[in-house]
>>> print(open('query22.txt').read())   # compact mmCIF, C-alpha atoms
# COMPACT_ATOMS: atom_id res chain seq x y z
CA MET A 1 21.85 -20.02 32.23
CA LYS A 2 22.89 -23.46 33.55
CA LEU A 3 19.22 -24.35 34.02
CA ALA A 4 18.41 -23.35 30.41
CA ARG A 5 21.35 -25.43 29.16
CA LEU A 6 20.10 -28.43 31.12
CA MET A 7 16.61 -27.98 29.68
CA TRP A 8 18.05 -27.91 26.16
CA LYS A 9 20.17 -31.03 26.68
CA ASN A 10 17.17 -32.91 28.05
CA ALA A 11 15.04 -31.75 25.12
CA VAL A 12 17.46 -33.13 22.49
CA ARG A 13 18.66 -36.23 24.32
CA ASN A 14 16.30 -38.38 22.22
CA PRO A 15 16.65 -36.80 18.74
CA ARG A 16 14.08 -38.98 16.99
CA ARG A 17 11.33 -38.32 19.52
CA SER A 18 12.14 -34.62 19.79
CA ILE A 19 12.32 -34.02 16.03
CA LEU A 20 9.11 -35.92 15.28
CA THR A 21 7.31 -34.03 18.06
CA ILE A 22 8.64 -30.73 16.75
CA LEU A 23 7.52 -31.59 13.20
CA SER A 24 4.04 -32.60 14.36
CA ILE A 25 3.63 -29.35 16.30
CA ALA A 26 5.06 -27.35 13.36
CA VAL A 27 2.56 -28.87 10.91
CA SER A 28 -0.29 -28.16 13.35
CA MET A 29 0.81 -24.54 13.81
CA PHE A 30 1.16 -24.17 10.03
CA LEU A 31 -2.44 -25.32 9.66
CA ILE A 32 -3.67 -22.99 12.42
CA ALA A 33 -1.77 -20.05 10.87
CA THR A 34 -3.34 -20.87 7.50
CA LEU A 35 -6.87 -21.03 8.91
CA GLU A 36 -6.44 -17.77 10.81
CA ALA A 37 -4.95 -16.13 7.70
CA VAL A 38 -7.95 -17.26 5.64
CA LEU A 39 -10.29 -15.76 8.22
CA ALA A 40 -8.33 -12.50 8.35
CA SER A 41 -8.23 -12.25 4.54
CA ILE A 42 -11.97 -12.85 4.20
CA TYR A 43 -12.90 -10.14 6.68
CA ARG A 44 -10.23 -7.78 5.38
CA ALA A 45 -11.63 -8.17 1.86
CA GLY A 46 -15.10 -7.69 3.30
CA GLY A 47 -14.07 -4.35 4.70
CA GLU A 48 -13.75 -5.11 8.42
CA GLY A 49 -11.03 -2.96 9.87
CA GLY A 50 -10.51 -1.14 6.58
CA THR A 51 -9.93 2.57 6.23
CA PRO A 52 -13.21 4.41 5.58
CA HIS A 53 -13.26 6.54 2.43
CA LEU A 54 -16.55 8.34 3.20
CA ARG A 55 -18.29 6.11 0.68
CA VAL A 56 -21.74 4.58 0.85
CA ILE A 57 -23.35 2.05 -1.47
CA VAL A 58 -26.91 2.32 -2.76
CA HIS A 59 -28.43 -0.92 -4.06
CA ARG A 60 -31.81 -2.59 -4.36
CA ALA A 61 -33.33 -3.40 -0.98
CA THR A 62 -34.61 -6.77 -2.15
CA SER A 63 -31.28 -8.12 -3.44
CA ILE A 64 -27.87 -6.84 -4.51
CA THR A 65 -28.26 -8.89 -7.70
CA GLN A 66 -31.30 -6.93 -8.87
CA PRO A 67 -30.68 -3.72 -10.87
CA MET A 68 -32.21 -0.30 -10.34
CA PRO A 69 -33.16 2.42 -12.85
CA GLU A 70 -30.31 4.56 -14.15
CA ALA A 71 -32.57 7.58 -13.59
CA TYR A 72 -32.08 7.17 -9.83
CA GLY A 73 -28.62 8.66 -10.24
CA ARG A 74 -29.83 12.21 -10.89
CA ARG A 75 -32.14 12.15 -7.87
CA ILE A 76 -29.44 10.71 -5.61
CA ALA A 77 -26.95 13.37 -6.73
CA ALA A 78 -29.39 16.07 -5.59
CA VAL A 79 -29.55 14.77 -2.01
CA PRO A 80 -27.79 17.17 0.42
CA GLY A 81 -24.44 15.76 1.53
CA VAL A 82 -23.78 13.79 -1.68
CA LYS A 83 -20.51 15.04 -3.13
CA TYR A 84 -19.72 12.63 -5.97
CA LEU A 85 -21.48 9.63 -7.48
CA VAL A 86 -20.50 6.67 -9.69
CA SER A 87 -22.71 3.86 -10.93
CA GLN A 88 -21.29 0.35 -10.83
CA THR A 89 -22.72 -2.70 -12.59
CA TRP A 90 -21.26 -6.16 -12.13
CA PHE A 91 -20.49 -7.60 -15.56
CA GLY A 92 -19.25 -11.08 -14.60
CA GLY A 93 -17.07 -11.33 -17.67
CA GLN A 94 -14.64 -14.19 -18.29
CA TYR A 95 -11.36 -13.87 -20.13
CA ILE A 96 -10.93 -16.69 -22.70
CA ASP A 97 -12.74 -19.26 -20.49
CA ALA A 98 -14.37 -19.68 -17.09
CA SER A 99 -11.04 -20.42 -15.37
CA ASN A 100 -9.88 -16.84 -16.03
CA PHE A 101 -12.27 -14.94 -13.82
CA PHE A 102 -11.78 -11.61 -12.07
CA ALA A 103 -13.87 -8.65 -10.90
CA ASN A 104 -15.07 -6.45 -13.78
CA PHE A 105 -17.51 -3.54 -13.64
CA ALA A 106 -19.23 -1.14 -15.98
CA VAL A 107 -18.89 2.30 -14.36
CA ASP A 108 -19.55 5.99 -14.95
CA VAL A 109 -16.15 7.50 -15.65
CA ASP A 110 -16.75 11.23 -15.12
CA GLN A 111 -16.37 11.28 -11.32
CA PHE A 112 -14.60 7.95 -10.89
CA ASP A 113 -11.31 9.49 -9.72
CA LYS A 114 -13.19 11.61 -7.17
CA VAL A 115 -15.10 8.71 -5.63
CA PHE A 116 -12.16 6.27 -5.61
CA ASP A 117 -9.53 8.82 -4.72
CA GLU A 118 -7.22 6.27 -3.08
CA LEU A 119 -6.48 4.78 -6.50
CA HIS A 120 -3.53 6.31 -8.35
CA ILE A 121 -4.13 6.73 -12.10
CA PRO A 122 -1.63 8.65 -14.25
CA PRO A 123 -3.47 11.78 -15.49
CA ASP A 124 -2.68 11.18 -19.17
CA GLN A 125 -3.91 7.59 -18.98
CA PHE A 126 -7.06 8.63 -17.10
CA ALA A 127 -7.83 11.17 -19.82
CA MET A 128 -7.45 8.50 -22.53
CA TRP A 129 -9.73 6.14 -20.59
CA LYS A 130 -12.43 8.81 -20.22
CA ASN A 131 -12.35 9.86 -23.85
CA GLU A 132 -12.46 6.45 -25.57
CA ARG A 133 -15.70 4.50 -25.50
CA ILE A 134 -14.17 1.01 -25.49
CA ALA A 135 -11.25 1.88 -23.21
CA ALA A 136 -10.59 -0.06 -20.02
CA LEU A 137 -8.92 0.76 -16.70
CA VAL A 138 -7.10 -2.22 -15.20
CA GLY A 139 -5.36 -2.83 -11.86
CA ARG A 140 -1.60 -3.36 -11.84
CA LYS A 141 -1.78 -6.85 -10.30
CA LEU A 142 -4.33 -7.97 -12.87
CA MET A 143 -2.04 -6.67 -15.63
CA GLU A 144 0.83 -8.73 -14.21
CA THR A 145 -1.30 -11.85 -13.88
CA TYR A 146 -2.23 -11.95 -17.56
CA HIS A 147 0.92 -10.19 -18.85
CA TRP A 148 -1.13 -7.42 -20.44
CA LYS A 149 0.26 -4.07 -21.47
CA LEU A 150 -1.18 -0.71 -22.46
CA GLY A 151 -2.87 -0.87 -25.85
CA ASP A 152 -3.73 -4.57 -25.66
CA ARG A 153 -7.20 -5.62 -26.79
CA VAL A 154 -9.15 -7.81 -24.37
CA THR A 155 -12.46 -9.57 -24.97
CA LEU A 156 -14.64 -10.53 -22.02
CA LYS A 157 -17.45 -13.07 -22.29
CA SER A 158 -20.39 -12.46 -19.96
CA PRO A 159 -22.64 -15.46 -19.26
CA ILE A 160 -24.96 -13.07 -17.39
CA TYR A 161 -25.71 -10.67 -20.26
CA GLY A 162 -24.81 -12.86 -23.24
CA ILE A 163 -22.50 -10.29 -24.85
CA ASN A 164 -18.76 -10.44 -25.60
CA PRO A 165 -17.44 -6.86 -25.80
CA GLU A 166 -13.89 -6.01 -26.80
CA PHE A 167 -11.88 -3.44 -24.84
CA VAL A 168 -8.59 -1.59 -25.26
CA ILE A 169 -6.46 -1.15 -22.13
CA ARG A 170 -5.75 2.57 -21.89
CA ALA A 171 -5.00 3.06 -18.18
CA VAL A 172 -3.44 1.16 -15.30
CA TYR A 173 -4.07 2.06 -11.67
CA THR A 174 -2.26 1.23 -8.44
CA ALA A 175 -3.76 1.04 -4.96
CA PRO A 176 -2.63 0.96 -1.32
CA GLU A 177 -3.37 -2.78 -1.12
CA ASP A 178 -2.66 -5.47 -3.70
CA SER A 179 -6.18 -6.86 -3.38
CA GLN A 180 -7.54 -3.62 -4.86
CA GLU A 181 -5.41 -3.97 -7.99
CA ARG A 182 -7.27 -6.93 -9.50
CA THR A 183 -10.31 -5.19 -11.02
CA PHE A 184 -11.24 -4.35 -14.61
CA TYR A 185 -13.30 -1.16 -15.21
CA PHE A 186 -14.94 -0.01 -18.45
CA HIS A 187 -17.53 2.51 -19.65
CA TYR A 188 -21.13 2.02 -18.57
CA ASP A 189 -22.33 3.82 -21.74
CA TYR A 190 -20.60 1.20 -23.92
CA PHE A 191 -22.11 -1.61 -21.84
CA ASP A 192 -25.60 -0.05 -21.94
CA GLU A 193 -25.40 0.48 -25.70
CA LEU A 194 -24.51 -3.18 -26.32
CA GLN A 195 -27.65 -4.20 -24.44
CA GLY A 196 -29.98 -1.88 -26.36
CA ARG A 197 -30.14 0.89 -23.72
CA PRO A 198 -32.23 -0.73 -20.97
CA GLY A 199 -31.07 1.97 -18.53
CA GLN A 200 -30.40 -0.32 -15.55
CA VAL A 201 -27.46 -0.17 -13.12
CA GLY A 202 -26.35 -2.49 -10.35
CA ALA A 203 -25.52 0.01 -7.61
CA TYR A 204 -24.35 3.55 -6.92
CA THR A 205 -21.20 4.34 -4.99
CA ILE A 206 -21.41 7.76 -3.34
CA LYS A 207 -18.78 9.98 -1.78
CA VAL A 208 -20.22 12.13 1.01
CA ASP A 209 -18.89 15.36 2.47
CA SER A 210 -18.07 14.08 5.96
CA ALA A 211 -18.50 11.10 8.27
CA GLU A 212 -21.33 12.92 10.04
CA ASP A 213 -23.26 13.00 6.76
CA VAL A 214 -23.23 9.21 6.26
CA PRO A 215 -26.34 8.34 8.35
CA LYS A 216 -28.26 11.41 7.16
CA VAL A 217 -27.51 10.75 3.50
CA SER A 218 -28.34 7.06 3.85
CA ASP A 219 -31.71 7.76 5.43
CA ALA A 220 -32.54 10.51 2.91
CA ILE A 221 -31.80 8.30 -0.11
CA ASP A 222 -33.80 5.34 1.18
CA ALA A 223 -36.71 7.65 2.04
CA LEU A 224 -36.58 9.08 -1.47
CA PHE A 225 -37.37 5.72 -3.05
CA ARG A 226 -39.58 4.20 -0.38
CA ASN A 227 -42.83 2.65 -1.68
CA THR A 228 -41.50 2.58 -5.25
CA SER A 229 -41.10 -0.50 -7.44
CA ALA A 230 -37.36 -0.47 -6.75
CA GLU A 231 -36.77 0.46 -3.13
CA THR A 232 -33.16 1.01 -2.09
CA LYS A 233 -30.89 0.11 0.78
CA THR A 234 -27.99 2.46 1.50
CA GLU A 235 -25.11 1.28 3.68
CA THR A 236 -21.47 1.99 4.27
CA GLU A 237 -18.85 0.41 2.05
CA GLN A 238 -17.66 -1.75 4.95
CA ALA A 239 -21.17 -3.02 5.72
CA PHE A 240 -21.76 -3.74 2.03
CA GLY A 241 -18.54 -5.77 1.83
CA LEU A 242 -19.36 -7.76 4.93
CA SER A 243 -22.75 -8.64 3.48
CA PHE A 244 -20.90 -10.79 0.94
CA VAL A 245 -19.02 -12.51 3.77
CA SER A 246 -22.31 -13.26 5.54
CA MET A 247 -23.42 -15.21 2.44
CA LEU A 248 -20.73 -17.77 3.25
CA GLY A 249 -22.36 -18.52 6.59
CA ASN A 250 -20.62 -18.43 9.97
CA VAL A 251 -17.13 -18.89 8.56
CA LYS A 252 -15.50 -17.54 11.72
CA LEU A 253 -17.14 -20.21 13.90
CA LEU A 254 -16.26 -22.99 11.44
CA LEU A 255 -12.57 -22.07 11.14
CA THR A 256 -12.27 -21.45 14.88
CA ALA A 257 -13.76 -24.89 15.57
CA ILE A 258 -11.27 -26.52 13.19
CA SER A 259 -8.39 -24.67 14.85
CA ALA A 260 -9.61 -25.82 18.28
CA ALA A 261 -9.76 -29.42 17.05
CA VAL A 262 -6.19 -29.13 15.75
CA VAL A 263 -4.98 -27.74 19.10
CA PHE A 264 -6.76 -30.51 21.03
CA THR A 265 -5.24 -33.19 18.78
CA ILE A 266 -1.70 -31.89 19.07
CA LEU A 267 -2.22 -31.54 22.83
CA LEU A 268 -3.00 -35.26 23.03
CA VAL A 269 0.04 -36.17 20.92
CA SER A 270 2.38 -33.90 22.84
CA GLY A 271 0.95 -34.99 26.20
CA ASN A 272 1.51 -38.64 25.38
CA THR A 273 5.07 -37.92 24.24
CA MET A 274 5.97 -35.95 27.36
CA ALA A 275 4.35 -38.54 29.64
CA MET A 276 6.49 -41.27 28.08
CA SER A 277 9.63 -39.12 28.29
CA ILE A 278 9.11 -38.22 31.96
CA ARG A 279 8.13 -41.76 32.96
CA GLU A 280 11.32 -43.12 31.39
CA ARG A 281 13.39 -40.68 33.48
CA THR A 282 11.69 -41.20 36.83
CA SER A 283 14.89 -42.69 38.24
CA GLU A 284 16.77 -39.56 37.17
CA VAL A 285 14.36 -37.52 39.26
CA ALA A 286 15.46 -39.55 42.27
CA VAL A 287 19.10 -38.84 41.49
CA LEU A 288 18.38 -35.12 41.15
CA LYS A 289 16.65 -35.12 44.51
CA THR A 290 19.59 -36.82 46.18
CA LEU A 291 21.83 -34.10 44.68
CA GLY A 292 19.74 -31.44 46.38
CA PHE A 293 17.36 -30.35 43.61
CA ARG A 294 14.09 -29.12 45.08
CA ARG A 295 10.70 -30.27 43.88
CA ASN A 296 9.83 -26.92 42.24
CA LEU A 297 13.14 -26.85 40.37
CA ILE A 298 12.60 -30.39 39.05
CA LEU A 299 9.08 -29.41 37.96
CA LEU A 300 10.49 -26.36 36.17
CA LEU A 301 13.11 -28.50 34.38
CA LEU A 302 10.57 -31.04 33.10
CA VAL A 303 7.98 -28.46 32.02
CA GLY A 304 10.70 -26.24 30.53
CA GLU A 305 11.90 -29.13 28.36
CA SER A 306 8.38 -29.56 26.98
CA VAL A 307 7.98 -25.82 26.36
CA VAL A 308 11.31 -25.71 24.47
CA ILE A 309 10.22 -28.49 22.13
CA SER A 310 6.75 -26.98 21.61
CA LEU A 311 8.06 -23.47 21.00
CA ILE A 312 10.53 -24.69 18.39
CA GLY A 313 7.63 -26.39 16.60
CA GLY A 314 5.45 -23.30 16.95
CA ILE A 315 8.15 -21.00 15.59
CA LEU A 316 8.87 -23.30 12.65
CA GLY A 317 5.16 -23.71 11.83
CA GLY A 318 4.19 -20.04 12.26
CA LEU A 319 7.19 -18.57 10.47
CA GLY A 320 6.98 -21.29 7.83
CA ALA A 321 3.40 -20.24 7.05
CA LYS A 322 4.18 -16.51 6.98
CA LEU A 323 7.34 -16.80 4.89
CA GLY A 324 5.94 -19.57 2.70
CA TYR A 325 2.82 -17.65 1.68
CA ALA A 326 4.84 -14.46 1.24
CA PHE A 327 7.20 -16.39 -1.06
CA ILE A 328 4.29 -17.66 -3.17
CA HIS A 329 2.80 -14.17 -3.36
CA ALA A 330 6.10 -12.64 -4.45
CA THR A 331 7.12 -15.25 -7.04
CA PHE A 332 3.96 -16.71 -8.57
CA ASN A 333 3.52 -14.09 -11.28
CA LYS A 334 7.12 -12.98 -11.73
CA ALA A 335 9.18 -16.18 -11.32
CA LYS A 336 6.89 -19.20 -11.19
CA PHE A 337 9.83 -21.56 -11.72
CA LEU A 338 10.85 -20.78 -8.12
CA GLY A 339 7.94 -22.96 -7.09
CA ALA A 340 10.44 -25.81 -7.45
CA VAL A 341 12.39 -24.28 -4.54
CA TYR A 342 9.22 -24.26 -2.42
CA ALA A 343 8.51 -27.88 -3.36
CA LEU A 344 12.13 -28.83 -2.60
CA GLY A 345 11.71 -27.49 0.93
CA ALA A 346 8.50 -29.49 1.39
CA GLY A 347 10.22 -32.61 0.08
CA LEU A 348 13.17 -32.19 2.44
CA VAL A 349 10.88 -31.77 5.45
CA VAL A 350 8.88 -34.93 4.64
CA GLY A 351 12.01 -36.89 3.74
CA TYR A 352 13.79 -35.89 6.93
CA GLY A 353 10.77 -36.81 9.03
CA ILE A 354 10.69 -40.31 7.52
CA TRP A 355 14.46 -40.60 7.91
CA MET A 356 14.12 -39.91 11.64
CA LEU A 357 11.41 -42.56 11.98
CA PHE A 358 14.07 -45.19 11.26
CA ALA A 359 16.75 -43.56 13.43
CA ALA A 360 16.71 -46.24 16.13
CA THR A 361 16.67 -49.16 13.66
CA SER A 362 19.29 -47.97 11.17
CA ALA A 363 22.07 -49.79 12.96
CA GLY A 364 20.43 -53.16 12.38
CA ARG A 365 20.47 -55.33 9.32
CA ARG A 366 21.24 -54.14 5.84
CA TRP A 367 17.69 -54.63 4.61
CA VAL A 368 16.46 -52.26 7.34
CA LYS A 369 18.92 -49.64 6.14
CA ALA A 370 17.76 -50.21 2.56
CA ILE A 371 14.14 -49.71 3.59
CA ARG A 372 15.12 -46.49 5.37
CA TYR A 373 16.77 -45.07 2.26
CA VAL A 374 13.91 -46.13 -0.03
CA ALA A 375 11.22 -44.80 2.32
CA THR A 376 13.09 -41.50 2.70
CA GLY A 377 13.39 -41.15 -1.09
CA ILE A 378 9.71 -41.89 -1.60
CA GLY A 379 8.82 -39.44 1.16
CA PHE A 380 10.92 -36.76 -0.49
CA LEU A 381 9.19 -37.31 -3.85
CA ILE A 382 5.75 -37.22 -2.25
CA GLY A 383 6.62 -34.05 -0.36
CA PHE A 384 8.01 -32.46 -3.54
CA ALA A 385 4.84 -33.33 -5.51
CA VAL A 386 2.59 -32.01 -2.74
CA GLY A 387 4.72 -28.84 -2.59
CA ILE A 388 4.27 -28.22 -6.32
CA VAL A 389 0.50 -28.77 -6.12
CA PHE A 390 0.26 -26.56 -3.02
CA TYR A 391 2.34 -23.78 -4.61
CA MET A 392 0.27 -23.75 -7.81
CA GLY A 393 -3.03 -24.03 -5.97
CA VAL A 394 -2.35 -21.24 -3.45
CA GLY A 395 -0.78 -19.03 -6.12
CA GLY A 396 -3.79 -19.53 -8.36
CA VAL A 397 -6.21 -18.62 -5.56
CA MET A 398 -4.20 -15.50 -4.71
CA ASN A 399 -4.39 -14.32 -8.31
CA THR A 400 -8.07 -14.89 -9.03
CA GLY A 401 -9.17 -11.91 -6.94
CA GLY A 402 -11.97 -12.12 -4.42
CA PHE A 403 -11.74 -12.77 -0.70
CA LEU A 404 -8.32 -14.48 -0.73
CA SER A 405 -6.50 -12.25 -3.20
CA ASP A 406 -4.70 -10.48 -0.34
CA PHE A 407 -3.91 -13.72 1.49
CA SER A 408 -1.11 -13.40 4.06
CA VAL A 409 -0.35 -14.37 7.65
CA PRO A 410 -0.76 -11.33 9.96
CA LEU A 411 1.77 -10.68 12.71
CA ARG A 412 -0.86 -11.27 15.39
CA THR A 413 -1.37 -14.78 13.99
CA LEU A 414 2.33 -15.48 14.52
CA TRP A 415 2.03 -14.49 18.16
CA LEU A 416 -1.08 -16.64 18.43
CA CYS A 417 0.86 -19.66 17.13
CA PHE A 418 3.72 -19.03 19.56
CA GLY A 419 1.27 -18.67 22.44
CA ILE A 420 -0.62 -21.86 21.53
CA ALA A 421 2.66 -23.76 21.20
CA ALA A 422 3.85 -22.58 24.61
CA LEU A 423 0.48 -23.45 26.15
CA VAL A 424 0.57 -26.93 24.62
CA GLY A 425 4.05 -27.42 26.05
CA ILE A 426 2.96 -26.40 29.54
CA VAL A 427 -0.34 -28.31 29.64
CA SER A 428 1.09 -31.50 28.13
CA ALA A 429 3.92 -31.72 30.68
CA VAL A 430 2.59 -30.20 33.86
CA PHE A 431 0.64 -33.24 35.15
CA PRO A 432 3.27 -35.95 34.51
CA ALA A 433 5.94 -33.53 35.76
CA LEU A 434 3.97 -32.88 38.96
CA ARG A 435 3.62 -36.58 39.60
CA ALA A 436 7.31 -37.22 38.97
CA SER A 437 8.44 -34.31 41.16
CA ARG A 438 6.27 -35.51 44.05
CA THR A 439 7.52 -39.09 43.90
CA SER A 440 9.75 -40.03 46.82
CA ILE A 441 13.37 -40.97 46.21
CA ALA A 442 12.85 -44.59 47.26
CA GLU A 443 9.81 -45.03 45.01
CA ALA A 444 11.51 -43.32 42.05
CA LEU A 445 14.57 -45.58 42.28
CA ARG A 446 12.37 -48.63 41.72
CA TYR A 447 12.17 -47.59 38.06
CA VAL A 448 15.91 -48.30 37.56
CA GLY A 449 16.44 -50.98 34.91
>>> encode(input="query22.txt", output="structure tokens")
Amino acid sequence: MKLARLMWKNAVRNPRRSILTILSIAVSMFLIATLEAVLASIYRAGGEGGTPHLRVIVHRATSITQPMPEAYGRRIAAVPGVKYLVSQTWFGGQYIDASNFFANFAVDVDQFDKVFDELHIPPDQFAMWKNERIAALVGRKLMETYHWKLGDRVTLKSPIYGINPEFVIRAVYTAPEDSQERTFYFHYDYFDELQGRPGQVGAYTIKVDSAEDVPKVSDAIDALFRNTSAETKTETEQAFGLSFVSMLGNVKLLLTAISAAVVFTILLVSGNTMAMSIRERTSEVAVLKTLGFRRNLILLLLVGESVVISLIGGILGGLGAKLGYAFIHATFNKAKFLGAVYALGAGLVVGYGIWMLFAATSAGRRWVKAIRYVATGIGFLIGFAVGIVFYMGVGGVMNTGGFLSDFSVPLRTLWLCFGIAALVGIVSAVFPALRASRTSIAEALRYVG
């Protein structure tokens, strides 16, 4: 306990240096947590690690953007192992203008609740959606985003098909994950009629009897349409989702490389800080040795001080990312004015950091004090403005649907940040601490004065 207390006192003996180091590590860990959260959200949206629902997707082998004949549906339904089937066609509709974009599909409604059985739709609302040609089924989160309610009329403009159909919201569904509640479904028959009955669909989503049937059904369907003008490719829902992620390139390598660069940079900053701190206290090491402190204990004290500072920064950065993004997710649609609270926190952090920059010079002349106050005020305003922009930008991305609609910092990312912070603390201090602990008493005392 006494050793921990001594570590803490050494860590905070120079408040300006310690606080600025903590803030730099916290910002770096915030960035790493954000990058890792982006990566996790992309692959979670793509289906990696998701719960299988015994669904497979049938689409054109040449490209997922090319349609296939609607007549394929009857032949697919006759394949042994196929339990339920729903056609899905990407509509690409925009609400009011291009900035209001979300996932919207024309679907067969008859077996929709059987195929997507994880979605909860009130029975009376589902019946109204099935029985009305222009009715729409909308996710709860999407309803909240645009403040829609049951019975509202919504017009979507499709630049792909050149039609602007009007829909009436008759049903609202909920799902196990928020990211699934941002989709707009409507009748394929209505969509096909508006186009003059071309009889083309984008893909078929199939529910099979069991997991053992997935490879057999996939092979049977693809064999059924082999050597036709519209050959098919059948794959699991997870594989289909990850195919969209692969279009972005090697995102995992890119984000991992950026995270590594951030860690290396903060390691250099922290290493330089700890080297300066230990070098300044070389004479104290001599005093400790004369008092009977052993070399290993001195090494532990110096490295422990660095780890304390780094861990505080890692905890602030990791928890700041997790709680900050959770705050945006919880308030953006329901209480957007609370974004000012988020921006206030950002402003206070920036302002306090600038305030500490002048800590050693504040006792000087009046004009130095005046500069300190002005710089702190400007820093606060800049931080507040950046906080507002960040809050609105992240909130907007979370509510557009797509890969980042379920954006959050996983618990494992928090532990990763804590681990990186601890590692930075150890690596940055171990070499200067080793040199200081091995210095003889006579040589260390030369640093006095």
>>> closest_residue(input="query22.txt", among="A:Met143, A:Ala136, A:Leu3, A:Leu300", to="Lys334 (chain A)", atoms="only C-alpha atoms")
A:Met143
>>> closest_residue(input="query22.txt", among="A:Ala78, A:Ala135, A:Ala321, A:Ile309", to="Ala220 (chain A)", atoms="only C-alpha atoms")
A:Ala78
>>> closest_residue(input="query22.txt", among="A:Ala71, A:Val341, A:Val109, A:Ile169", to="Ala230 (chain A)", atoms="all atoms listed in the file")
A:Ala71
>>> residues_around(input="query22.txt", residues="Thr183 (chain A)", least_positions_apart="4", cutoff="6 Å", atoms="all atoms listed in the file", output="ChimeraX atom specification")
/A:103-104,139
>>> residues_near_point(input="query22.txt", point="(-0.7, -23.6, 21.3)", cutoff="9 Å", atoms="only C-alpha atoms", output="VMD selection string")
chain A and resid 25 29 263 266 to 267 310 to 311 314 416 to 425
>>> closest_residue(input="query22.txt", among="A:Leu319, A:Pro198, A:Lys216, A:Gly324", to="Pro80 (chain A)", atoms="all atoms listed in the file")
A:Lys216
>>> closest_residue(input="query22.txt", among="A:Ile76, A:Ala261, A:Leu299, A:Met7", to="Ala223 (chain A)", atoms="only C-alpha atoms")
A:Ile76
>>> atom_distance(input="query22.txt", atom1="CA of Phe332 (chain A)", atom2="CA of Gly395 (chain A)")
5.8 Å
>>> residues_around(input="query22.txt", residues="region 188-194 of chain A", least_positions_apart="5", cutoff="6 Å", atoms="all atoms listed in the file", output="PyMOL selection string")
chain A and resi 106-108
>>> atom_distance(input="query22.txt", atom1="CA of Gln195 (chain A)", atom2="CA of Gly162 (chain A)")
9.2 Å
>>> atom_distance(input="query22.txt", atom1="CA of Phe184 (chain A)", atom2="CA of Val138 (chain A)")
4.7 Å
>>> residues_near_point(input="query22.txt", point="(-1.5, -2.9, -20.5)", cutoff="9 Å", atoms="all atoms listed in the file", output="MDAnalysis selection string")
chainID A and resid 138 140 143:144 147:153 168:172
>>> closest_residue(input="query22.txt", among="A:Tyr161, A:Phe30, A:Trp415, A:Trp367", to="Trp90 (chain A)", atoms="only C-alpha atoms")
A:Tyr161
>>> residues_around(input="query22.txt", residues="Leu338 (chain A)", least_positions_apart="3", cutoff="12 Å", atoms="only C-alpha atoms", output="list of chain:residue names")
A:Gly324, A:Phe327, A:Ile328, A:His329, A:Ala330, A:Thr331, A:Phe332, A:Asn333, A:Lys334, A:Ala335, A:Val341, A:Tyr342, A:Ala343, A:Leu344, A:Gly345, A:Gly387, A:Ile388, A:Tyr391, A:Met392, A:Gly395
